[in-house]
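Quick look at query.txt (compact mmCIF, C-alpha atoms):
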# COMPACT_ATOMS: atom_id res chain seq x y z
CA MET A 57 15.53 -33.76 -17.33
CA ALA A 58 15.60 -35.43 -13.99
CA GLY A 59 13.77 -34.22 -10.97
CA TYR A 60 14.13 -34.17 -7.25
CA ARG A 61 13.31 -37.42 -5.53
CA LEU A 62 11.67 -37.66 -2.13
CA SER A 63 11.47 -41.04 -0.37
CA GLY A 64 11.49 -42.87 -3.66
CA THR A 65 8.46 -41.05 -5.14
CA PHE A 66 8.10 -37.89 -7.19
CA VAL A 67 5.51 -35.64 -5.54
CA TRP A 68 3.68 -32.48 -6.41
CA HIS A 69 1.32 -30.93 -3.90
CA THR A 70 -1.32 -28.48 -5.02
CA SER A 71 -0.24 -26.26 -2.16
CA ASN A 72 3.16 -25.89 -3.78
CA ARG A 73 1.78 -23.87 -6.66
CA GLN A 74 0.01 -21.52 -4.28
CA CYS A 75 3.19 -21.33 -2.23
CA LEU A 76 5.19 -20.41 -5.34
CA LEU A 77 2.61 -17.81 -6.36
CA GLU A 78 2.93 -16.21 -2.97
CA ARG A 79 6.73 -16.37 -3.07
CA VAL A 80 7.08 -14.77 -6.53
CA ALA A 81 4.32 -12.28 -5.82
CA GLY A 82 6.08 -11.34 -2.64
CA ILE A 83 9.39 -10.86 -4.48
CA VAL A 84 8.08 -8.92 -7.49
CA ALA A 85 5.27 -7.03 -5.74
CA ALA A 86 7.62 -5.47 -3.20
CA PRO A 87 6.51 -2.49 -1.13
CA SER A 88 5.51 0.31 -3.53
CA SER A 89 5.83 4.06 -3.37
CA GLY A 90 2.12 4.23 -2.64
CA LYS A 91 0.91 4.71 -6.16
CA ALA A 92 -2.00 2.38 -6.79
CA GLY A 93 -1.28 1.97 -10.53
CA VAL A 94 2.29 0.94 -9.97
CA THR A 95 1.21 -1.51 -7.28
CA MET A 96 -1.39 -3.11 -9.52
CA ASN A 97 1.13 -3.41 -12.37
CA ARG A 98 3.58 -5.12 -10.04
CA ILE A 99 0.91 -7.52 -8.86
CA HIS A 100 -0.05 -8.27 -12.46
CA ILE A 101 3.59 -8.96 -13.40
CA ALA A 102 4.00 -11.09 -10.30
CA LYS A 103 1.06 -13.29 -11.25
CA ARG A 104 2.37 -13.76 -14.79
CA VAL A 105 5.84 -14.64 -13.55
CA ALA A 106 4.37 -16.94 -10.93
CA ARG A 107 2.28 -18.78 -13.51
CA THR A 108 5.31 -19.26 -15.78
CA SER A 109 7.56 -20.34 -12.92
CA ALA A 110 4.96 -22.68 -11.50
CA SER A 111 4.70 -24.43 -14.87
CA LEU A 112 8.47 -24.82 -15.00
CA ILE A 113 8.66 -26.17 -11.48
CA LEU A 114 5.77 -28.58 -12.04
CA GLY A 115 7.68 -29.95 -15.02
CA LEU A 116 10.62 -30.56 -12.67
CA TYR A 117 8.39 -32.21 -10.04
CA TYR A 118 9.74 -29.66 -7.60
CA SER A 119 8.24 -30.25 -4.17
CA ALA A 120 8.49 -28.03 -1.12
CA ALA A 121 6.06 -27.03 1.60
CA CYS A 122 5.25 -23.31 2.06
CA SER A 123 6.01 -23.49 5.71
CA SER A 124 9.42 -25.03 5.14
CA SER A 125 12.48 -22.85 5.50
CA ARG A 126 14.57 -25.20 3.34
CA GLY A 127 14.58 -26.58 -0.22
CA VAL A 128 13.80 -30.19 -1.12
CA GLU A 129 15.80 -32.82 0.77
CA GLY A 130 17.40 -30.18 2.94
CA GLY A 131 17.32 -27.35 0.45
CA HIS A 132 21.03 -27.31 -0.17
CA GLY A 133 21.16 -29.01 -3.58
CA ALA A 134 20.90 -27.38 -7.01
CA VAL A 135 19.65 -29.13 -10.10
CA GLY A 136 21.77 -27.76 -12.91
CA GLY A 137 22.73 -24.11 -12.92
CA GLY A 138 20.69 -21.06 -12.01
CA SER A 139 20.08 -18.88 -9.00
CA GLY A 140 18.33 -20.20 -5.95
CA TYR A 141 15.93 -18.97 -3.37
CA PRO A 142 17.52 -17.57 -0.24
CA ASP A 143 16.49 -20.75 1.61
CA GLY A 144 18.40 -23.11 -0.70
CA GLY A 145 16.20 -24.82 -3.34
CA ALA A 146 17.35 -23.66 -6.76
CA VAL A 147 15.06 -23.76 -9.81
CA GLY A 148 17.57 -22.79 -12.50
CA GLY A 149 18.17 -24.54 -15.78
CA MET A 150 19.23 -28.18 -15.86
CA SER A 151 22.08 -29.79 -17.73
CA GLY A 152 22.10 -33.40 -18.98
CA TYR A 153 22.74 -36.32 -16.61
CA LYS A 154 26.20 -37.86 -16.53
CA PRO A 155 26.77 -41.05 -14.55
CA GLY A 156 28.62 -40.26 -11.36
CA VAL A 157 29.21 -36.60 -12.28
CA SER A 158 27.65 -33.47 -10.85
CA ASP A 159 27.30 -30.71 -13.44
CA SER A 160 27.12 -27.75 -11.09
CA GLY A 161 28.45 -28.11 -7.63
CA THR A 162 26.38 -30.39 -5.48
CA GLY A 163 23.71 -32.68 -6.83
CA VAL A 164 20.19 -33.51 -5.75
CA GLY A 165 19.73 -32.86 -2.06
CA GLY A 166 23.38 -31.94 -1.73
CA ASP A 167 24.76 -35.20 -3.14
CA SER A 168 28.20 -34.63 -4.60
CA GLY A 169 27.46 -37.04 -7.45
CA ASN A 170 30.43 -39.34 -6.90
CA SER A 171 30.52 -42.87 -8.28
CA SER A 172 29.53 -44.51 -5.02
CA THR A 173 26.04 -43.00 -5.08
CA THR A 174 23.44 -45.68 -4.43
CA PRO A 175 21.36 -46.33 -7.56
CA THR A 176 17.76 -45.13 -7.43
CA ALA A 177 14.89 -45.15 -9.88
CA ASP A 178 15.45 -41.64 -11.25
CA ALA A 179 18.07 -40.36 -13.66
CA ASN A 180 20.18 -39.00 -10.82
CA CYS A 181 20.89 -42.49 -9.49
CA GLY A 182 24.54 -42.40 -10.46
CA VAL A 183 26.64 -45.46 -11.26
CA GLU A 184 27.69 -47.83 -8.53
CA THR A 185 30.48 -50.40 -8.50
CA SER A 186 28.98 -53.37 -6.69
CA SER A 187 31.20 -55.48 -4.51
CA THR A 188 31.20 -59.16 -5.47
CA THR A 189 31.68 -62.28 -3.38
CA LYS A 190 32.70 -65.54 -4.98
CA ARG A 191 30.14 -68.23 -4.27
CA PRO A 192 31.43 -71.66 -3.18
CA THR A 193 30.70 -74.81 -5.18
CA ASP A 194 28.70 -77.62 -3.57
CA VAL A 195 30.48 -80.95 -4.11
CA LEU A 196 28.79 -84.19 -3.05
CA LEU A 197 31.30 -87.01 -2.68
CA VAL A 198 29.75 -90.32 -3.72
CA LEU A 199 32.19 -92.94 -2.46
CA ASP A 200 32.24 -96.63 -3.24
CA ARG A 201 33.02 -98.44 0.01
CA SER A 202 32.52 -101.96 -1.34
CA GLY A 203 34.63 -104.79 0.05
CA SER A 204 37.16 -104.51 -2.78
CA MET A 205 38.14 -101.05 -1.51
CA SER A 206 40.22 -102.87 1.11
CA GLU A 207 42.52 -104.19 -1.64
CA SER A 208 45.83 -102.76 -2.81
CA ILE A 209 45.56 -99.61 -4.89
CA ASP A 210 47.94 -100.86 -7.58
CA SER A 211 47.11 -104.57 -7.68
CA ASP A 212 44.15 -106.87 -7.21
CA CYS A 213 45.54 -108.42 -4.04
CA CYS A 214 45.24 -107.86 -0.30
CA CYS A 215 47.53 -105.91 1.96
CA THR A 216 46.00 -107.44 5.11
CA SER A 217 44.42 -110.65 6.28
CA SER A 218 41.13 -108.85 6.99
CA CYS A 219 40.95 -107.89 3.32
CA ARG A 220 41.60 -111.51 2.40
CA THR A 221 38.68 -112.55 4.61
CA ILE A 222 36.36 -110.09 2.85
CA THR A 223 37.43 -110.64 -0.74
CA GLY A 224 39.00 -114.10 -0.78
CA LEU A 225 42.04 -112.75 -2.67
CA GLN A 226 45.63 -113.68 -1.96
CA LEU A 227 47.97 -111.45 0.02
CA CYS A 228 50.17 -109.17 -2.04
CA THR A 229 53.82 -110.16 -2.40
CA ASP A 230 55.02 -107.04 -0.58
CA THR A 231 52.55 -106.32 2.21
CA LEU A 232 54.94 -103.92 3.97
CA ASN A 233 54.81 -101.39 1.11
CA CYS A 234 51.19 -102.06 0.25
CA THR A 235 48.73 -99.16 0.04
CA GLN A 236 45.05 -99.95 0.57
CA ARG A 237 42.50 -98.15 -1.55
CA TRP A 238 40.17 -96.91 1.16
CA PRO A 239 42.81 -95.36 3.47
CA ALA A 240 44.52 -93.78 0.45
CA LEU A 241 41.20 -92.26 -0.64
CA THR A 242 40.26 -90.93 2.79
CA THR A 243 43.72 -89.40 3.27
CA ALA A 244 43.58 -87.67 -0.12
CA ILE A 245 40.07 -86.36 0.56
CA THR A 246 41.13 -84.90 3.91
CA ALA A 247 44.08 -83.09 2.30
CA THR A 248 41.91 -81.81 -0.56
CA MET A 249 39.25 -80.42 1.78
CA SER A 250 41.91 -78.51 3.72
CA ALA A 251 43.29 -76.96 0.52
CA SER A 252 39.95 -76.17 -1.16
CA THR A 253 38.47 -73.25 0.74
CA SER A 254 35.91 -72.38 -1.97
CA ILE A 255 34.09 -75.74 -1.85
CA ASP A 256 31.28 -76.82 0.47
CA TRP A 257 31.47 -80.61 0.81
CA GLY A 258 28.91 -83.32 1.42
CA LEU A 259 29.11 -87.13 1.55
CA LYS A 260 27.12 -90.04 0.18
CA LEU A 261 28.45 -93.55 0.88
CA TYR A 262 27.41 -96.74 -0.91
CA SER A 263 26.33 -99.15 0.16
CA SER A 264 24.95 -97.16 3.11
CA PRO A 265 26.57 -98.09 6.45
CA SER A 266 23.16 -98.03 8.11
CA GLN A 267 21.83 -100.75 5.81
CA SER A 268 22.27 -104.48 6.52
CA ASN A 269 21.52 -105.18 2.85
CA THR A 270 24.84 -105.16 0.96
CA CYS A 271 23.11 -103.36 -1.91
CA GLY A 272 21.15 -100.96 0.29
CA VAL A 273 21.36 -97.20 -0.34
CA THR A 274 19.50 -94.58 1.72
CA GLN A 275 18.11 -91.42 0.13
CA SER A 276 19.81 -89.09 2.60
CA ALA A 277 23.44 -87.97 2.66
CA GLU A 278 25.71 -89.22 5.41
CA VAL A 279 27.06 -85.66 5.69
CA ALA A 280 24.95 -82.76 4.44
CA ILE A 281 26.54 -80.16 2.20
CA ALA A 282 27.46 -77.16 4.31
CA SER A 283 30.18 -74.64 4.95
CA GLY A 284 32.53 -76.07 7.57
CA SER A 285 31.47 -79.68 7.01
CA SER A 286 35.05 -80.95 6.69
CA SER A 287 35.37 -82.24 10.25
CA ALA A 288 32.11 -84.18 10.13
CA LEU A 289 32.97 -85.60 6.73
CA GLN A 290 36.44 -86.68 7.80
CA LYS A 291 35.00 -88.48 10.81
CA ALA A 292 32.36 -90.21 8.67
CA ILE A 293 34.87 -91.67 6.20
CA THR A 294 37.34 -92.79 8.87
CA ASP A 295 34.64 -94.40 10.99
CA VAL A 296 33.58 -96.87 8.28
CA SER A 297 35.33 -99.79 6.64
CA PRO A 298 34.93 -101.32 3.18
CA ALA A 299 32.06 -103.82 2.94
CA GLY A 300 29.20 -104.85 0.71
CA ASN A 301 28.58 -104.59 -3.01
CA THR A 302 28.71 -101.74 -5.57
CA PRO A 303 25.21 -100.27 -6.12
CA THR A 304 26.49 -97.28 -8.11
CA ALA A 305 23.25 -96.61 -10.00
CA SER A 306 21.25 -96.40 -6.77
CA ALA A 307 23.90 -94.16 -5.21
CA ILE A 308 23.84 -91.68 -8.11
CA SER A 309 20.03 -91.59 -8.10
CA ALA A 310 20.04 -90.94 -4.34
CA ALA A 311 22.69 -88.23 -4.78
CA THR A 312 20.57 -86.50 -7.43
CA ALA A 313 17.48 -86.60 -5.20
CA TYR A 314 19.46 -85.20 -2.28
CA LEU A 315 20.99 -82.34 -4.29
CA GLN A 316 17.51 -81.30 -5.36
CA THR A 317 16.76 -80.58 -1.70
CA VAL A 318 19.77 -78.28 -1.29
CA THR A 319 18.35 -74.81 -1.87
CA ASP A 320 21.42 -72.57 -1.80
CA PRO A 321 22.30 -70.79 -5.08
CA ASN A 322 25.67 -72.55 -5.46
CA THR A 323 26.69 -74.67 -8.44
CA LYS A 324 26.35 -78.35 -7.48
CA VAL A 325 28.39 -81.29 -8.75
CA ILE A 326 28.89 -84.97 -7.93
CA LEU A 327 32.32 -86.53 -7.44
CA LEU A 328 32.13 -90.30 -7.87
CA ALA A 329 35.06 -92.44 -6.69
CA THR A 330 34.80 -96.17 -7.41
CA ASP A 331 37.11 -99.15 -7.86
CA GLY A 332 35.10 -101.40 -10.11
CA GLN A 333 32.14 -102.13 -12.27
CA PRO A 334 28.73 -101.50 -10.65
CA ASN A 335 26.45 -104.34 -9.62
CA CYS A 336 23.23 -104.74 -7.62
CA LYS A 337 21.18 -104.48 -10.79
CA ALA A 338 17.48 -104.07 -10.12
CA GLY A 339 15.58 -107.28 -10.86
CA ALA A 340 18.74 -109.35 -11.47
CA ARG A 341 19.03 -112.87 -10.10
CA SER A 342 22.39 -112.16 -8.54
CA THR A 343 23.69 -109.06 -6.76
CA SER A 344 26.94 -109.50 -8.64
CA ASP A 345 25.32 -108.94 -12.03
CA SER A 346 26.80 -105.87 -13.75
CA ASP A 347 24.70 -102.71 -13.93
CA VAL A 348 26.66 -100.51 -16.33
CA ALA A 349 23.51 -99.52 -18.24
CA GLY A 350 21.62 -98.55 -15.09
CA THR A 351 24.54 -96.47 -13.84
CA THR A 352 24.91 -94.67 -17.17
CA THR A 353 21.20 -93.85 -17.12
CA ALA A 354 21.42 -92.52 -13.56
CA LEU A 355 24.42 -90.31 -14.47
CA ALA A 356 22.57 -88.91 -17.49
CA ALA A 357 19.57 -88.15 -15.29
CA ALA A 358 21.81 -86.32 -12.82
CA LEU A 359 23.21 -84.20 -15.66
CA THR A 360 19.71 -83.42 -16.90
CA ALA A 361 18.86 -82.26 -13.38
CA GLY A 362 21.83 -79.87 -13.56
CA TYR A 363 24.54 -81.85 -11.78
CA LYS A 364 27.73 -82.86 -13.57
CA THR A 365 29.58 -85.94 -12.33
CA TYR A 366 33.36 -86.21 -12.13
CA VAL A 367 34.65 -89.79 -11.99
CA ILE A 368 37.76 -91.24 -10.34
CA GLY A 369 38.58 -94.89 -11.07
CA ILE A 370 40.64 -96.44 -8.25
CA GLY A 371 42.79 -99.51 -8.85
CA PRO A 372 44.00 -101.41 -11.92
CA SER A 373 40.77 -103.15 -12.93
CA VAL A 374 38.11 -100.46 -13.25
CA GLY A 375 37.85 -100.80 -17.01
CA ASN A 376 37.23 -97.72 -19.11
CA LEU A 377 35.02 -95.41 -17.10
CA ASP A 378 34.95 -92.70 -19.77
CA ASN A 379 31.39 -93.76 -20.60
CA PHE A 380 30.39 -92.81 -17.05
CA ALA A 381 32.22 -89.49 -17.24
CA GLN A 382 30.64 -88.71 -20.60
CA ALA A 383 27.17 -89.55 -19.33
CA GLY A 384 27.88 -87.22 -16.42
CA GLY A 385 29.00 -84.38 -18.70
CA THR A 386 32.75 -84.45 -17.92
CA GLU A 387 34.21 -86.43 -20.88
CA HIS A 388 37.04 -88.40 -19.21
CA TYR A 389 37.58 -90.19 -15.93
CA TYR A 390 40.65 -89.84 -13.69
CA PRO A 391 42.58 -93.12 -13.23
CA ALA A 392 44.27 -93.62 -9.85
CA THR A 393 46.61 -96.49 -9.13
CA SER A 394 48.64 -94.72 -6.44
CA ALA A 395 48.06 -92.40 -3.51
CA GLN A 396 49.63 -89.59 -5.52
CA ASP A 397 47.26 -90.26 -8.42
CA LEU A 398 44.34 -89.83 -6.02
CA ALA A 399 45.72 -86.59 -4.64
CA ASP A 400 46.34 -85.24 -8.15
CA ALA A 401 42.87 -86.26 -9.37
CA LEU A 402 41.12 -84.63 -6.44
CA ALA A 403 43.19 -81.46 -6.83
CA ALA A 404 42.42 -81.27 -10.55
CA ILE A 405 38.70 -81.79 -9.99
CA SER A 406 38.64 -79.21 -7.20
CA LYS A 407 40.20 -76.72 -9.58
CA ALA A 408 37.81 -77.65 -12.38
CA VAL A 409 34.72 -77.15 -10.23
CA SER A 410 35.96 -73.90 -8.69
CA SER A 411 33.03 -71.54 -8.66
CA CYS A 412 32.63 -68.93 -11.38
CA THR A 413 29.53 -67.55 -9.67
CA PHE A 414 29.79 -64.16 -7.99
CA GLU A 415 27.18 -62.65 -5.71
CA MET A 416 26.62 -58.90 -5.82
CA SER A 417 25.92 -56.74 -2.80
CA GLN A 418 22.44 -55.83 -4.10
CA ASN A 419 20.10 -56.31 -7.04
CA PRO A 420 20.81 -54.01 -10.00
CA PRO A 421 18.24 -51.20 -10.46
CA ASP A 422 18.07 -52.13 -14.14
CA GLU A 423 18.90 -55.73 -15.13
CA GLU A 424 19.46 -54.59 -18.72
CA ASN A 425 22.02 -52.01 -17.63
CA VAL A 426 24.81 -53.99 -15.99
CA ALA A 427 28.49 -54.05 -16.96
CA VAL A 428 30.81 -56.84 -15.79
CA TYR A 429 34.60 -56.50 -15.84
CA LEU A 430 37.33 -59.11 -15.39
CA ASP A 431 40.61 -57.53 -14.30
CA GLY A 432 39.37 -54.25 -15.78
CA ALA A 433 38.30 -55.68 -19.16
CA LEU A 434 34.64 -55.37 -20.14
CA LEU A 435 33.03 -58.78 -20.71
CA PRO A 436 30.24 -59.53 -23.19
CA LYS A 437 26.95 -60.80 -21.87
CA ASP A 438 27.30 -64.27 -23.36
CA SER A 439 26.35 -67.65 -21.92
CA THR A 440 29.17 -69.33 -23.87
CA ASN A 441 32.28 -67.20 -23.25
CA GLY A 442 31.14 -64.19 -21.29
CA TRP A 443 28.85 -63.60 -18.35
CA SER A 444 25.22 -64.31 -17.55
CA PHE A 445 22.94 -63.93 -14.57
CA GLY A 446 22.89 -66.87 -12.17
CA ALA A 447 20.01 -68.21 -10.12
CA ASN A 448 18.80 -64.63 -9.56
CA PRO A 449 19.69 -61.09 -10.73
CA GLN A 450 21.98 -60.67 -7.72
CA THR A 451 24.44 -63.27 -9.05
CA VAL A 452 26.57 -63.27 -12.19
CA VAL A 453 28.23 -66.34 -13.69
CA LEU A 454 31.38 -66.29 -15.78
CA ASN A 455 31.18 -68.81 -18.62
CA GLY A 456 33.55 -70.75 -20.84
CA THR A 457 36.96 -69.20 -21.40
CA THR A 458 36.09 -66.39 -19.01
CA CYS A 459 35.52 -68.90 -16.22
CA GLU A 460 38.75 -70.67 -17.15
CA GLN A 461 40.68 -67.47 -16.52
CA ILE A 462 39.34 -67.40 -12.96
CA SER A 463 39.85 -71.12 -12.38
CA SER A 464 43.45 -71.01 -13.62
CA GLY A 465 44.30 -67.91 -11.61
CA ALA A 466 45.09 -65.92 -14.77
CA ALA A 467 42.47 -63.38 -13.69
CA THR A 468 41.41 -62.55 -10.16
CA LYS A 469 39.25 -59.43 -10.00
CA VAL A 470 35.57 -59.33 -10.92
CA GLN A 471 33.70 -56.01 -10.82
CA VAL A 472 30.08 -55.23 -11.59
CA LEU A 473 28.82 -51.74 -12.40
CA PHE A 474 25.17 -50.74 -12.19
CA GLY A 475 23.82 -48.02 -14.43
CA CYS A 476 20.63 -46.02 -14.13
CA PRO A 477 17.62 -47.20 -16.10
CA GLY A 478 18.25 -45.99 -19.65
CA GLN A 479 21.82 -44.88 -18.97
CA THR A 480 24.81 -46.87 -20.23
CA PRO A 481 27.48 -47.71 -17.63
CA PRO A 482 31.05 -46.60 -18.34
CA GLN A 483 33.00 -48.75 -20.76
CA ILE A 484 36.25 -48.54 -18.83
CA LEU A 485 37.12 -48.38 -15.13

Starting from the file, give its structure as structure tokens.
Amino acid sequence: MAGYRLSGTFVWHTSNRQCLLERVAGIVAAPSSGKAGVTMNRIHIAKRVARTSASLILGLYYSAACSSSRGVEGGHGAVGGGSGYPDGGAVGGMSGYKPGVSDSGTGVGGDSGNSSTTPTADANCGVETSSTTKRPTDVLLVLDRSGSMSESIDSDCCCTSSCRTITGLQLCTDTLNCTQRWPALTTAITATMSASTSIDWGLKLYSSPSQSNTCGVTQSAEVAIASGSSSALQKAITDVSPAGNTPTASAISAATAYLQTVTDPNTKVILLATDGQPNCKAGARSTSDSDVAGTTTALAAALTAGYKTYVIGIGPSVGNLDNFAQAGGTEHYYPATSAQDLADALAAISKAVSSCTFEMSQNPPDEENVAVYLDGALLPKDSTNGWSFGANPQTVVLNGTTCEQISSGAATKVQVLFGCPGQTPPQIL
């Protein structure tokens, strides 16, 4: 049996028993005909009834002050069936609790027992459907802005004389229809940010524009991850030009360190876009010495820290970057030898990283008594292909095939039901 609840705490005042004794005595020991024996018998009966009733009410944690003219919580709610006092608080028999259902008229304190009742710690908490808000994904763009990013996207040649000055390469045969890598990348990023409303973007450039050293990489992000960062990010990538070397390992390590300072509960990933093999190997005699091993180690460390890395290879001579993608936990890289390839790669990655984390309107009253539905179908609590709690009990994460249904648009509606402690939520909506 459940009891009345007052300000979150069950209470029983010693004065209540005396109050009840006086009430029942007053009802049973009504004015007599003047015969002393009859009066004494009525008083005796009243005391016995009062003792029995007081025990029953104590078991129900019934609380009411003698001076009050109402029942508990306003005196207009019955627990179960039974007759009530004239002032409202009924003490009749109780029927079993049913989530969201009132068994006899109004519920505790007059609550109608509908399914929107806010959960509380007692068995009359009801079942509540919690509203959910899809959390964004934090994506840190790690962009290679080395001198070779001024070259043509489909050939190792220059579209402009300034590129030729930087790289020493010959001009392309058709410079009129030549697409440079860096402008193609920045244009595709701008379009992707406009289309991806569920992503919070940030930016890490390498080498860092603030560094005179062509291998220099700062530990901070050029644009911090934040909602509404698109304008600042667009300005940052259009304000710089390709220059310097390709210190990819240092850039990934700096990206990992930065993400560890971002304290929001969102899923965080790295998107690496590069046009060639990394160099600037620590301790090497030449800055042009390859640093594939160092980059692979840095990507594996990022994954261990909880950050997957998606890789786009820009241009015809990037080699096989699948080893980078695999070290970053994403299996395959996205090759891009045209502006359309870049747009398609960014769109595919944006879809792949789309958040499967949903934030509830409040913490569940019982973390072991939560039901999650996807388009009305009950999901198992399963970290592989079901749901699990996220960074805290107020977030749920859809995993595996369940997440894929959200990402693909095959499913759209996520609902979370809270049950009372010890009460199972409904199995269907």

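The spacing separating atom CA of A:Val426 from atom CA of A:Tyr363 amounts to 28.2 Å.
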
Atomic separation - atom CA of A:Phe445 relative to atom CA of A:Phe380, Å: 29.9 Å

Gap from atom CA of A:Thr248 to atom CA of A:Gly203 - Å, one decimal: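 About the pair atom CA of A:Thr248 and atom CA of A:Gly203: they are 24.1 Å apart.
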
Take every atom of stretch 350-355 of chain A listed in the file, fit an axis-aligned box around them, add 5 Å per side, and give the centre and edge lengths in Å to one decimal as AutoDock Vina command-line options.
--center_x 23.1 --center_y -94.4 --center_z -15.4 --size_x 13.7 --size_y 18.2 --size_z 13.6

List the neighbours of stretch 343-347 of chain A out to 9 Å using only C-alpha atoms; skip same-chain residues closer than 3 positions along the sequence, and give me the result as a PDB file with C-alpha atoms, in the coordinates of the input.
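Result file follows (result22.pdb):
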ATOM      1  CA  THR A 270      24.840-105.160   0.960  1.00  0.00           C
ATOM      2  CA  CYS A 271      23.110-103.360  -1.910  1.00  0.00           C
ATOM      3  CA  ASN A 301      28.580-104.590  -3.010  1.00  0.00           C
ATOM      4  CA  THR A 302      28.710-101.740  -5.570  1.00  0.00           C
ATOM      5  CA  PRO A 303      25.210-100.270  -6.120  1.00  0.00           C
ATOM      6  CA  THR A 304      26.490 -97.280  -8.110  1.00  0.00           C
ATOM      7  CA  ALA A 305      23.250 -96.610 -10.000  1.00  0.00           C
ATOM      8  CA  GLN A 333      32.140-102.130 -12.270  1.00  0.00           C
ATOM      9  CA  PRO A 334      28.730-101.500 -10.650  1.00  0.00           C
ATOM     10  CA  ASN A 335      26.450-104.340  -9.620  1.00  0.00           C
ATOM     11  CA  CYS A 336      23.230-104.740  -7.620  1.00  0.00           C
ATOM     12  CA  LYS A 337      21.180-104.480 -10.790  1.00  0.00           C
ATOM     13  CA  ALA A 338      17.480-104.070 -10.120  1.00  0.00           C
ATOM     14  CA  ALA A 340      18.740-109.350 -11.470  1.00  0.00           C
ATOM     15  CA  GLY A 350      21.620 -98.550 -15.090  1.00  0.00           C
ATOM     16  CA  THR A 351      24.540 -96.470 -13.840  1.00  0.00           C
ATOM     17  CA  THR A 352      24.910 -94.670 -17.170  1.00  0.00           C
TER      18      THR A 352
END

Residue list as a ChimeraX atom specification for point (24.4, -90.1, -14.2), cut-off 12 Å, only C-alpha atoms: /A:198,304-313,325-328,348-367,379-386

Of the listed residues A:Leu473, A:Leu199, A:Ala282, A:Leu398, that which approaches A:Glu423 most closely, counting all atoms listed in the file: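 Ranking A:Leu473, A:Leu199, A:Ala282, A:Leu398 by distance to A:Glu423, first place goes to A:Leu473.
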
Selected residue, from A:Thr188, A:Ser263, A:Gln471, A:Gln396, that lies nearest to A:Ile245 when counting only C-alpha atoms: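 Residue with the minimum atom-to-atom distance to A:Ile245: A:Gln396.
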